[in-house]
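The file data-v3.txt comes next; it holds compact mmCIF, C-alpha atoms and all ligand atoms.
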```txt
# COMPACT_ATOMS: atom_id res chain seq x y z
CA MET E 13 -86.57 34.25 -29.26
CA LYS E 14 -83.37 33.42 -31.07
CA LYS E 15 -82.22 37.02 -31.13
CA SER E 16 -82.78 37.54 -27.41
CA LEU E 17 -80.82 34.36 -26.63
CA ILE E 18 -77.85 35.55 -28.71
CA CYS E 19 -78.05 38.98 -26.99
CA LEU E 20 -77.96 37.30 -23.61
CA LEU E 21 -74.92 35.20 -24.58
CA VAL E 22 -73.06 38.25 -25.87
CA CYS E 23 -73.85 40.09 -22.64
CA VAL E 24 -72.53 37.20 -20.54
CA LEU E 25 -69.33 37.06 -22.64
CA VAL E 26 -68.71 40.78 -22.38
CA CYS E 27 -69.27 40.67 -18.63
CA ALA E 28 -66.88 37.73 -18.31
CA LEU E 29 -64.22 39.57 -20.32
CA LEU E 30 -64.67 42.68 -18.20
CA ILE E 31 -64.33 40.70 -14.99
CA GLY E 32 -61.24 38.93 -16.43
CA CYS E 33 -59.62 42.23 -17.36
CA GLU E 34 -60.41 43.56 -13.95
CA THR E 35 -58.60 40.55 -12.34
CA GLN E 36 -55.54 40.84 -14.67
CA SER E 37 -55.20 44.47 -14.05
CA THR E 38 -54.83 43.93 -10.25
CA ARG E 39 -52.21 41.04 -10.63
CA GLU E 40 -48.64 42.27 -10.83
CA ALA E 41 -45.48 40.25 -11.47
CA VAL E 42 -43.31 40.61 -8.38
CA SER E 43 -40.44 38.37 -9.47
CA LYS E 44 -39.18 36.63 -12.54
CA THR E 45 -36.57 33.88 -12.24
CA VAL E 46 -34.86 31.98 -15.01
CA VAL E 47 -34.16 28.44 -13.78
CA ASP E 48 -31.42 26.63 -15.74
CA PRO E 49 -32.06 23.11 -16.92
CA THR E 50 -30.18 20.18 -15.34
CA CYS E 51 -29.89 16.49 -16.16
CA LEU E 52 -32.92 15.93 -13.92
CA THR E 53 -35.28 18.80 -14.81
CA GLU E 54 -36.05 21.12 -17.72
CA GLY E 55 -35.23 24.79 -17.44
CA TYR E 56 -37.99 27.41 -17.24
CA THR E 57 -38.85 30.97 -16.40
CA GLU E 58 -40.84 31.33 -13.22
CA THR E 59 -42.95 34.38 -12.63
CA VAL E 60 -44.47 35.06 -9.24
CA TYR E 61 -47.38 37.49 -9.07
CA SER E 62 -48.48 39.78 -6.27
CA ASP E 63 -51.46 37.54 -5.49
CA GLY E 64 -49.25 34.50 -5.12
CA TYR E 65 -49.93 33.08 -8.53
CA VAL E 66 -46.90 31.30 -9.97
CA LYS E 67 -46.44 30.78 -13.66
CA ARG E 68 -43.74 28.73 -15.40
CA ASP E 69 -43.05 29.08 -19.11
CA SER E 70 -40.26 29.37 -21.70
CA PHE E 71 -39.17 25.79 -21.04
CA THR E 72 -35.68 24.65 -22.13
CA PRO E 73 -34.66 21.02 -22.60
CA LYS E 74 -32.75 18.91 -20.00
CA THR E 75 -28.98 18.97 -20.26
CA ASP E 76 -26.24 16.33 -20.01
CA HIS E 77 -24.82 15.37 -16.58
CA GLU E 78 -22.41 17.89 -15.14
CA PHE E 79 -19.49 15.97 -13.70
CA VAL E 80 -17.19 17.30 -11.01
CA GLN E 81 -13.95 15.46 -10.28
CA PHE E 82 -13.23 14.20 -6.82
CA SER E 83 -10.46 12.07 -5.38
CA ASP E 84 -10.53 9.51 -2.61
CA GLY E 85 -6.75 9.60 -2.70
CA THR E 86 -6.25 5.91 -3.31
CA GLN E 87 -5.22 5.49 -6.91
CA GLU E 88 -3.51 8.04 -9.07
CA ASN E 89 -4.46 6.27 -12.25
CA VAL E 90 -8.17 6.55 -11.55
CA LEU E 91 -10.19 9.67 -12.27
CA ARG E 92 -13.47 9.73 -10.36
CA SER E 93 -16.24 12.23 -10.92
CA VAL E 94 -19.80 12.66 -9.79
CA CYS E 95 -22.70 14.55 -11.42
CA ARG E 96 -23.45 17.59 -9.29
CA TYR E 97 -27.19 17.17 -9.89
CA CYS E 98 -28.13 13.51 -9.93
CA GLY E 99 -25.10 12.04 -8.14
CA MET E 100 -24.26 9.68 -10.96
CA GLU E 101 -20.65 8.49 -10.58
CA LYS E 102 -18.15 8.01 -13.35
CA THR E 103 -14.77 6.28 -13.16
CA GLU E 104 -12.15 6.71 -15.84
CA TYR E 105 -8.85 4.91 -15.92
CA ILE E 106 -5.88 6.90 -17.02
CA GLU E 107 -3.53 4.81 -19.02
CA ARG E 108 -0.19 5.92 -17.74
CA GLU E 109 2.47 5.31 -20.27
CA ILE E 110 5.25 3.58 -18.43
CA SER E 111 8.31 3.00 -20.50
CA THR E 112 10.03 -0.36 -20.21
CA GLU E 113 13.18 0.96 -21.86
CA VAL E 114 16.12 0.45 -19.53
CA THR E 115 19.66 1.73 -19.85
CA ILE E 116 22.06 -0.57 -18.08
CA ASP E 117 24.96 1.35 -16.63
CA PRO E 118 27.35 -0.99 -14.81
CA THR E 119 29.33 2.02 -13.54
CA ARG E 120 26.37 3.18 -11.45
CA PRO E 121 27.11 2.96 -7.72
CA ARG E 122 25.00 0.22 -6.15
CA PRO E 123 22.15 1.76 -4.13
CA SER E 124 21.82 0.78 -0.46
CA PHE E 125 18.67 -0.97 0.76
CA ALA E 126 19.61 -0.79 4.43
CA GLY E 127 20.98 2.74 4.44
CA LEU E 128 17.83 4.82 4.90
CA ASP E 129 16.00 5.87 8.08
CA LYS E 130 12.87 4.09 6.93
CA MET E 131 12.16 1.84 3.99
CA ILE E 132 8.71 2.18 2.44
CA CYS E 133 9.02 -0.88 0.31
CA ALA E 134 6.77 -1.93 -2.56
CA MET E 135 6.33 -5.66 -3.12
CA ILE E 136 6.83 -6.62 -6.76
CA LEU E 137 5.47 -10.00 -7.80
CA GLU E 138 5.45 -10.21 -11.57
CA ASN E 139 5.84 -13.00 -14.05
CA THR E 140 7.83 -11.15 -16.70
CA THR E 141 10.68 -8.63 -16.73
CA GLU E 142 8.57 -6.06 -18.61
CA ASP E 143 5.77 -6.26 -16.03
CA ALA E 144 8.25 -6.02 -13.18
CA VAL E 145 9.83 -2.91 -14.72
CA ARG E 146 6.39 -1.36 -15.19
CA ALA E 147 5.36 -2.21 -11.60
CA ILE E 148 8.60 -0.80 -10.16
CA ARG E 149 8.30 2.45 -12.10
CA SER E 150 4.65 2.83 -11.16
CA ALA E 151 5.41 2.28 -7.46
CA GLU E 152 8.34 4.68 -7.69
CA ALA E 153 6.01 7.35 -9.13
CA ASN E 154 3.68 6.66 -6.20
CA GLY E 155 6.34 7.25 -3.58
CA ALA E 156 8.07 3.93 -2.84
CA TYR E 157 11.56 4.18 -1.35
CA GLY E 158 12.65 0.78 -2.59
CA PHE E 159 11.39 -2.58 -3.84
CA MET E 160 11.27 -6.21 -2.90
CA VAL E 161 11.30 -8.09 -6.16
CA TYR E 162 10.32 -11.76 -6.06
CA VAL E 163 12.84 -12.91 -8.64
CA SER E 164 11.51 -16.43 -8.11
CA CYS E 165 8.14 -15.25 -9.50
CA LEU E 166 9.73 -14.44 -12.86
CA GLN E 167 9.19 -16.98 -15.58
CA LYS E 168 12.22 -19.22 -16.08
CA GLU E 169 13.41 -17.47 -19.28
CA ASP E 170 13.53 -14.16 -17.35
CA ARG E 171 15.83 -15.49 -14.65
CA THR E 172 18.89 -14.49 -16.66
CA LEU E 173 21.55 -11.89 -16.01
CA GLU E 174 20.28 -9.66 -18.85
CA ALA E 175 16.64 -9.82 -17.76
CA LEU E 176 17.53 -9.23 -14.10
CA GLN E 177 19.75 -6.29 -15.06
CA LYS E 178 16.71 -4.61 -16.68
CA ILE E 179 14.91 -4.92 -13.35
CA MET E 180 17.80 -3.71 -11.22
CA TYR E 181 18.62 -0.77 -13.50
CA CYS E 182 15.09 0.40 -14.31
CA THR E 183 15.23 2.46 -11.11
CA ASP E 184 17.95 4.16 -9.11
CA LEU E 185 16.18 3.14 -5.91
CA PRO E 186 17.36 0.00 -4.09
CA VAL E 187 15.97 -3.39 -5.03
CA LEU E 188 16.01 -6.35 -2.67
CA ALA E 189 15.84 -9.72 -4.43
CA ILE E 190 13.70 -12.50 -2.93
CA ALA E 191 13.79 -16.13 -4.01
CA TYR E 192 10.98 -17.92 -2.19
CA ASN E 193 9.18 -21.06 -3.19
CA VAL E 194 5.98 -19.06 -3.64
CA SER E 195 3.43 -20.72 -5.81
CA MET E 196 1.33 -17.91 -7.29
CA PHE E 197 2.79 -18.65 -10.73
CA GLY E 198 2.82 -22.40 -10.30
CA PRO E 199 5.10 -24.54 -8.19
CA GLN E 200 8.67 -23.30 -8.00
CA ASN E 201 10.39 -26.32 -6.53
CA LEU E 202 13.58 -24.38 -5.99
CA THR E 203 16.26 -26.20 -4.09
CA PHE E 204 18.31 -24.34 -1.49
CA ASP E 205 21.14 -24.06 -4.01
CA ASP E 206 18.74 -22.79 -6.71
CA MET E 207 17.61 -20.04 -4.33
CA ALA E 208 21.15 -19.05 -3.44
CA ASP E 209 22.17 -19.06 -7.12
CA LEU E 210 19.21 -16.86 -8.10
CA LEU E 211 20.09 -14.39 -5.34
CA ARG E 212 23.75 -14.33 -6.40
CA LEU E 213 22.71 -13.72 -10.00
CA SER E 214 20.42 -10.88 -8.87
CA VAL E 215 23.32 -9.22 -7.05
CA GLU E 216 25.51 -9.68 -10.08
CA ALA E 217 22.73 -7.96 -12.06
CA GLY E 218 22.74 -4.99 -9.68
CA ALA E 219 20.41 -5.84 -6.78
CA ALA E 220 21.08 -3.76 -3.67
CA ALA E 221 20.29 -6.60 -1.25
CA VAL E 222 19.04 -10.16 -0.97
CA ASP E 223 16.57 -11.89 1.33
CA LEU E 224 18.37 -14.79 2.95
CA GLN E 225 15.85 -17.13 4.55
CA ALA E 226 17.12 -18.27 7.95
CA PHE E 227 16.27 -21.87 7.07
CA LEU E 228 18.48 -21.97 3.98
CA TRP E 229 20.38 -25.29 3.86
CA SER E 230 18.54 -26.61 6.91
CA TYR E 231 16.15 -29.53 6.59
CA ASP E 232 14.79 -29.48 10.13
CA THR E 233 15.07 -26.11 11.76
CA ARG E 234 12.85 -26.91 14.74
CA ALA E 235 14.91 -29.95 15.67
CA SER E 236 18.07 -27.86 15.39
CA LEU E 237 16.66 -25.34 17.86
CA THR E 238 16.19 -27.87 20.64
CA GLN E 239 19.38 -29.70 19.77
CA TYR E 240 21.62 -26.62 19.88
CA ARG E 241 19.82 -24.47 22.45
CA ALA E 242 22.31 -25.25 25.22
CA TYR E 243 25.22 -24.86 22.78
CA TRP E 244 24.26 -21.23 22.05
CA GLU E 245 23.27 -20.49 25.64
CA ALA E 246 26.79 -21.52 26.68
CA LYS E 247 28.03 -18.88 24.23
CA GLY E 248 25.95 -16.26 26.05
CA PHE E 249 22.89 -16.08 23.78
CA ASP E 250 19.36 -15.65 25.12
CA MET E 251 17.65 -18.59 23.43
CA SER E 252 14.24 -18.02 25.09
CA PHE E 253 12.66 -17.77 21.61
CA VAL E 254 13.18 -21.53 21.21
CA SER E 255 10.33 -22.09 23.71
CA ALA E 256 7.93 -20.47 21.22
CA ASN E 257 8.87 -23.23 18.75
CA PRO E 258 9.27 -20.85 15.79
CA ALA E 259 9.56 -22.06 12.20
CA GLU E 260 12.23 -21.11 9.67
CA ILE E 261 15.11 -20.37 12.01
CA CYS E 262 18.06 -22.70 12.23
CA ALA E 263 20.49 -23.11 15.12
CA ASP E 264 22.72 -25.78 13.61
CA PRO E 265 26.26 -24.26 13.69
CA ALA E 266 27.29 -26.05 10.48
CA VAL E 267 24.29 -24.59 8.59
CA LEU E 268 24.84 -21.15 10.09
CA GLU E 269 28.44 -21.31 8.92
CA LYS E 270 27.25 -21.99 5.39
CA GLN E 271 24.79 -19.09 5.62
CA ARG E 272 27.56 -16.89 6.97
CA ALA E 273 29.77 -17.76 3.99
CA PHE E 274 26.93 -16.81 1.67
CA THR E 275 26.44 -13.50 3.52
CA ASP E 276 30.17 -12.77 3.26
CA GLU E 277 30.02 -13.55 -0.45
CA ILE E 278 27.08 -11.13 -1.00
CA HIS E 279 28.88 -8.47 1.02
CA ALA E 280 32.02 -8.98 -1.04
CA MET E 281 29.92 -8.37 -4.16
CA GLY E 282 28.86 -5.03 -2.64
CA ALA E 283 25.30 -5.88 -1.67
CA GLU E 284 23.46 -6.22 1.64
CA VAL E 285 21.75 -9.16 3.35
CA LEU E 286 18.36 -9.26 5.00
CA LEU E 287 17.93 -12.40 7.10
CA SER E 288 14.26 -13.39 7.24
CA VAL E 289 12.19 -15.56 9.56
CA HIS E 290 8.46 -16.20 9.18
CA ALA E 291 8.04 -17.72 12.61
CA SER E 292 4.41 -18.87 12.19
CA VAL E 293 3.93 -18.71 15.97
CA GLN E 294 3.06 -16.00 18.45
CA MET E 295 6.04 -14.65 20.33
CA SER E 296 6.46 -12.40 23.32
CA ALA E 297 8.43 -9.16 23.07
CA GLY E 298 11.32 -10.79 24.94
CA GLN E 299 11.39 -13.76 22.57
CA ILE E 300 11.33 -11.51 19.50
CA VAL E 301 14.20 -9.45 20.92
CA ALA E 302 16.21 -12.59 21.71
CA MET E 303 15.67 -13.95 18.21
CA ALA E 304 16.66 -10.68 16.57
CA LYS E 305 19.89 -10.60 18.58
CA PHE E 306 20.65 -14.20 17.60
CA MET E 307 20.08 -13.22 13.97
CA GLU E 308 22.20 -10.08 14.21
CA ALA E 309 25.12 -12.23 15.35
CA GLN E 310 25.07 -13.85 11.88
CA GLY E 311 26.63 -10.68 10.48
CA ILE E 312 23.64 -9.54 8.47
CA ASP E 313 22.37 -6.02 7.70
CA ILE E 314 18.65 -6.38 8.46
CA ALA E 315 16.90 -8.93 10.69
CA LYS E 316 13.33 -9.51 9.52
CA ILE E 317 10.90 -11.36 11.79
CA VAL E 318 7.25 -11.97 10.96
CA VAL E 319 5.21 -13.44 13.81
CA SER E 320 1.63 -14.66 14.14
CA GLY E 321 -1.21 -13.12 16.03
CA SER E 322 -3.52 -10.24 15.28
CA SER E 323 -5.01 -9.46 18.69
CA LYS E 324 -4.24 -6.15 20.34
CA ASP E 325 -2.27 -8.00 23.02
CA THR E 326 0.03 -9.57 20.44
CA VAL E 327 0.42 -6.20 18.68
CA MET E 328 1.53 -4.73 22.03
CA GLU E 329 4.24 -7.42 22.18
CA HIS E 330 5.39 -6.52 18.65
CA LEU E 331 5.52 -2.83 19.50
CA GLU E 332 7.36 -3.48 22.75
CA ALA E 333 9.90 -5.61 20.85
CA CYS E 334 10.38 -2.82 18.29
CA LYS E 335 10.94 -0.28 21.04
CA ILE E 336 13.59 -2.42 22.75
CA LEU E 337 15.30 -3.37 19.49
CA SER E 338 15.50 0.30 18.46
CA GLU E 339 17.67 0.82 21.52
CA GLN E 340 19.61 -2.43 21.62
CA LEU E 341 20.18 -3.72 18.09
CA GLN E 342 23.06 -2.45 15.97
CA CYS E 343 21.70 -3.67 12.65
CA LYS E 344 18.35 -2.68 11.13
CA PHE E 345 15.35 -4.82 11.97
CA SER E 346 11.89 -5.38 10.57
CA VAL E 347 9.34 -6.86 12.95
CA HIS E 348 5.61 -7.18 12.49
CA GLY E 349 2.71 -9.55 13.00
CA GLN E 350 0.13 -10.78 10.53
CA SER E 351 -2.27 -7.91 11.03
CA THR E 352 -2.88 -4.51 9.52
CA LEU E 353 -2.52 -2.86 12.91
CA SER E 354 0.88 -4.44 13.45
CA ARG E 355 2.02 -3.70 9.89
CA LEU E 356 1.00 -0.08 10.30
CA MET E 357 2.30 0.54 13.78
CA CYS E 358 5.56 -1.40 14.00
CA PRO E 359 7.31 0.97 11.55
CA MET E 360 6.27 3.83 13.86
CA PHE E 361 8.06 2.05 16.70
CA GLY E 362 11.33 1.57 14.84
CA SER E 363 10.72 -1.36 12.51
CA TYR E 364 12.73 -0.48 9.39
CA ILE E 365 10.60 -1.80 6.54
CA ALA E 366 7.02 -0.78 5.84
CA PHE E 367 5.79 -3.38 3.34
CA CYS E 368 3.34 -1.99 0.81
CA VAL E 369 1.42 -2.83 -2.29
CA ASP E 370 1.19 -0.21 -5.03
CA GLU E 371 -1.63 -1.78 -7.00
CA TYR E 372 -3.59 -4.77 -5.76
CA THR E 373 -3.83 -7.44 -8.41
CA GLN E 374 -4.88 -11.06 -8.36
CA VAL E 375 -1.34 -11.99 -7.50
CA GLN E 376 -0.55 -9.21 -5.06
CA THR E 377 -1.42 -10.34 -1.61
CA ASN E 378 -3.80 -7.85 -0.09
CA ILE E 379 -2.41 -8.46 3.39
CA GLN E 380 0.03 -5.63 2.83
CA ILE E 381 -0.83 -1.98 3.37
CA ASP E 382 -1.33 0.09 0.25
CA LEU E 383 1.52 2.37 -0.70
CA ASP E 384 -0.49 5.59 -0.55
CA THR E 385 -1.57 4.93 3.03
CA MET E 386 1.97 4.14 4.11
CA THR E 387 3.53 7.19 2.44
CA ALA E 388 0.74 9.39 3.82
CA LEU E 389 1.48 8.01 7.30
CA PHE E 390 5.19 8.56 7.11
CA GLU E 391 5.29 11.76 5.13
CA GLY E 392 2.19 13.47 6.50
CA GLY E 393 2.94 16.20 9.02
CA GLU E 394 0.64 15.20 11.85
CA LEU E 395 1.94 11.64 11.96
CA LYS E 396 5.57 12.59 12.10
CA TYR E 397 5.58 12.42 15.90
CA ASP E 398 8.12 10.04 17.23
CA LEU E 399 7.52 7.86 20.23
CA GLU E 400 9.10 10.28 22.72
CA THR E 401 6.95 13.14 21.48
CA LEU E 402 3.82 11.03 21.83
CA VAL E 403 4.71 9.79 25.29
CA GLY E 404 5.53 13.36 26.31
CA LEU E 405 2.22 14.54 24.92
CA PHE E 406 0.16 12.01 26.82
CA ALA E 407 2.11 12.49 30.02
CA SER E 408 1.70 16.29 29.95
CA PRO E 409 -0.40 17.83 32.76
CA GLU E 410 -3.30 18.88 30.51
CA MET E 411 -3.61 15.37 29.09
CA THR E 412 -3.41 13.57 32.40
CA GLY E 413 -5.46 16.15 34.29
CA ALA E 414 -2.76 16.45 36.93
CA ARG E 415 -2.65 19.64 39.01
ZN ZN M 1 -26.71 13.96 -13.74
```

Let me see whether you can do it: turn the structure in this file into structure tokens.
Ligand SMILES: [Zn+2]
Amino acid sequence: MKKSLICLLVCVLVCALLIGCETQSTREAVSKTVVDPTCLTEGYTETVYSDGYVKRDSFTPKTDHEFVQFSDGTQENVLRSVCRYCGMEKTEYIEREISTEVTIDPTRPRPSFAGLDKMICAMILENTTEDAVRAIRSAEANGAYGFMVYVSCLQKEDRTLEALQKIMYCTDLPVLAIAYNVSMFGPQNLTFDDMADLLRLSVEAGAAAVDLQAFLWSYDTRASLTQYRAYWEAKGFDMSFVSANPAEICADPAVLEKQRAFTDEIHAMGAEVLLSVHASVQMSAGQIVAMAKFMEAQGIDIAKIVVSGSSKDTVMEHLEACKILSEQLQCKFSVHGQSTLSRLMCPMFGSYIAFCVDEYTQVQTNIQIDLDTMTALFEGGELKYDLETLVGLFASPEMTGAR
């Protein structure tokens, strides 16, 4: 009994083996692929047989992420990479060593802020001289043509001739000094004379230009506009901008005389004057043009007007004003509204200054366009069309569909 049972088992086993060998002998490997490991999966060797059977073996362990660098073109000091397998992103910050060593060379010719075709200008709002120097050099490396330095943002101990000289001589590009009562570093409480003194000191230190606010030495600009409208109209000025009731612009002849003396003084020192108005109202193209001409008559080098409004209709007014001023104004002008569209487009229509921010910080107002965008716009080939070229392009038969 026992023996026969064992015999039967042996027979079954032998048969099974024979059948198995028969099967193996008909299966042939048709392909063998070595699959490399990634951060997501192990590596293996895959064999495909003639009957469709797939076998994976010779496993290798998962690897680290494989990062490939990419750039979104915004910040040069940031290195971004993404893993080609799992998509994991990595951001590294490159510490750029920016020297704050400055050689002051009083024999250097003073650069001109108003003398270019276009001024891609980086706004510098820093609390210390060292930080201002670093910010200027960083923006210069990123393509700025010049700088607007808020000298009134510097801490009090850095509002000295020596400290200001470091700022003015840390670059050979032109620096325009601004003394506003801006409060990002605490209240400034500068009097009109304080502002004028700080601007004078900046020019003495080597600034290329100063920002003269058109309300300097005026305590009620709006009242002066209505009071002296007829006075200036009698002298042939278009005073239509008075109807818009703009802020910051004075029409009092006595005040304007004082401003004129200051402008003459800055010119005598070898620097230039930008006269600025932040109108805080919407203005039509005609009103903007009239105001710019009134400002030009003050003997300044650049008339800067910032108006309100961000709708497309207001932007059209700003662009129209820029177009007219390009033809009719002798001095440079900078006109834009409080919108990205206006800030971007007005320089394309002749507005001299394109205000930019190199690196957005807590203090830097993010209402300005970033420097990379602005330089790309003005230095990139496809955007180099001037107005005439564009108008010609859109008026051409193939664009208008005319026969
Ligand atoms: Zn990965």

Counting all atoms listed in the file, the option among E:Val163, E:Trp244, E:Ile116, E:Phe253 closest to Leu210 (chain E): E:Val163

Counting all atoms listed in the file, name the residues that have an atom within 7 Å of an atom of ligand ZN 1 (chain M); the answer should be given as a PyMOL selection string. chain E and resi 51-52+76-78+95-100

Show which residues sit within 9 Å of region 232-236 of chain E, as a ChimeraX atom specification. Count all atoms listed in the file, and ignore same-chain residues fewer than 4 positions away. /E:226-227,240-241,254,257-264

Straight-line distance linking CA of Met160 (chain E) with CA of Val187 (chain E), stated in Å to one decimal: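 Atom-to-atom, CA of Met160 (chain E) and CA of Val187 (chain E) are spaced 5.9 Å apart.
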
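The nearest approach to Gln350 (chain E) among the residues E:Gln177, E:Ser363, E:Thr103, E:Ser320, with all atoms listed in the file taken into account, belongs to E:Ser320.
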
Hey, which bits of region 85-148 of chain E sit within 8 Å of region 266-289 of chain E, and for each residue what's the closest pair of atoms and how far apart in Å (one decimal), counting all atoms listed in the file, rows by chain and increasing number, as a tab-separated table?
```
residue	atom	partner	partner_atom	distance
E:Arg122	CA	E:Gly282	CA	7.4
E:Ser124	CA	E:Glu284	CA	7.5
E:Phe125	CA	E:Glu284	CA	7.2
E:Ala126	CA	E:Glu284	CA	7.2
```

Save out the residues we just selected, C-alpha atoms, as an mmCIF file, in the frame of the given file.
```
data_model
loop_
_atom_site.group_PDB
_atom_site.id
_atom_site.type_symbol
_atom_site.label_atom_id
_atom_site.label_comp_id
_atom_site.auth_asym_id
_atom_site.auth_seq_id
_atom_site.Cartn_x
_atom_site.Cartn_y
_atom_site.Cartn_z
ATOM 1 C CA ARG E 122 25.000 0.220 -6.150
ATOM 2 C CA SER E 124 21.820 0.780 -0.460
ATOM 3 C CA PHE E 125 18.670 -0.970 0.760
ATOM 4 C CA ALA E 126 19.610 -0.790 4.430
#
```

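Candidate residues E:Val80, E:Cys182, E:Ala156, E:Ala147 were compared for distance to Ile132 (chain E), and the nearest is E:Ala156, using only C-alpha atoms.
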
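The two atoms in question, CA of Gln299 (chain E) and CA of Met251 (chain E), are spaced 8.0 Å apart.
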
For a quick check of understanding, using all atoms listed in the file, which of E:Thr53, E:Gln342, E:Gln294, E:Thr45 has the smallest distance to Ser323 (chain E)? E:Gln294

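With only C-alpha atoms as the atoms that count, the minimum distance from Leu383 (chain E) to the choices E:Glu54, E:Asp63, E:Glu152, E:Glu109 is reached by E:Glu152.
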
Using the atoms already present, construct N, CA and C atoms for region 115-134 of chain E and hand them back as a compact mmCIF listing (two decimals), in the coordinates of the input.
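Once everything was written out, this is out_26.txt:
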```txt
# COMPACT_ATOMS: atom_id res chain seq x y z
N THR E 115 18.25 1.58 -19.51
CA THR E 115 19.66 1.73 -19.85
C THR E 115 20.48 1.10 -18.74
N ILE E 116 21.24 0.11 -19.09
CA ILE E 116 22.06 -0.57 -18.08
C ILE E 116 23.43 0.11 -18.01
N ASP E 117 23.70 0.62 -16.83
CA ASP E 117 24.96 1.35 -16.63
C ASP E 117 25.74 0.69 -15.50
N PRO E 118 26.62 -0.24 -15.85
CA PRO E 118 27.35 -0.99 -14.81
C PRO E 118 28.25 -0.11 -13.94
N THR E 119 28.48 1.15 -14.35
CA THR E 119 29.33 2.02 -13.54
C THR E 119 28.52 2.71 -12.43
N ARG E 120 27.22 2.55 -12.48
CA ARG E 120 26.37 3.18 -11.45
C ARG E 120 26.71 2.62 -10.07
N PRO E 121 26.88 3.49 -9.07
CA PRO E 121 27.11 2.96 -7.72
C PRO E 121 25.88 2.16 -7.26
N ARG E 122 26.12 1.05 -6.58
CA ARG E 122 25.00 0.22 -6.15
C ARG E 122 24.22 0.93 -5.04
N PRO E 123 22.90 1.10 -5.21
CA PRO E 123 22.15 1.76 -4.13
C PRO E 123 22.12 0.89 -2.88
N SER E 124 21.86 1.52 -1.72
CA SER E 124 21.82 0.78 -0.46
C SER E 124 20.37 0.57 -0.03
N PHE E 125 20.03 -0.68 0.29
CA PHE E 125 18.67 -0.97 0.76
C PHE E 125 18.55 -0.70 2.24
N ALA E 126 19.65 -0.89 2.97
CA ALA E 126 19.61 -0.79 4.43
C ALA E 126 20.01 0.59 4.94
N GLY E 127 20.36 1.49 4.02
CA GLY E 127 20.98 2.74 4.44
C GLY E 127 20.06 3.91 4.74
N LEU E 128 18.76 3.71 4.65
CA LEU E 128 17.83 4.82 4.90
C LEU E 128 17.39 4.83 6.37
N ASP E 129 16.57 5.83 6.74
CA ASP E 129 16.00 5.87 8.08
C ASP E 129 14.79 4.94 8.14
N LYS E 130 14.11 4.85 7.01
CA LYS E 130 12.87 4.09 6.93
C LYS E 130 12.74 3.59 5.50
N MET E 131 12.27 2.39 5.33
CA MET E 131 12.16 1.84 3.99
C MET E 131 10.68 1.55 3.68
N ILE E 132 10.08 2.45 2.90
CA ILE E 132 8.71 2.18 2.44
C ILE E 132 8.87 1.37 1.16
N CYS E 133 8.60 0.09 1.32
CA CYS E 133 9.02 -0.88 0.31
C CYS E 133 7.83 -1.48 -0.44
N ALA E 134 7.85 -1.36 -1.75
CA ALA E 134 6.77 -1.93 -2.56
C ALA E 134 7.11 -3.37 -2.95
```
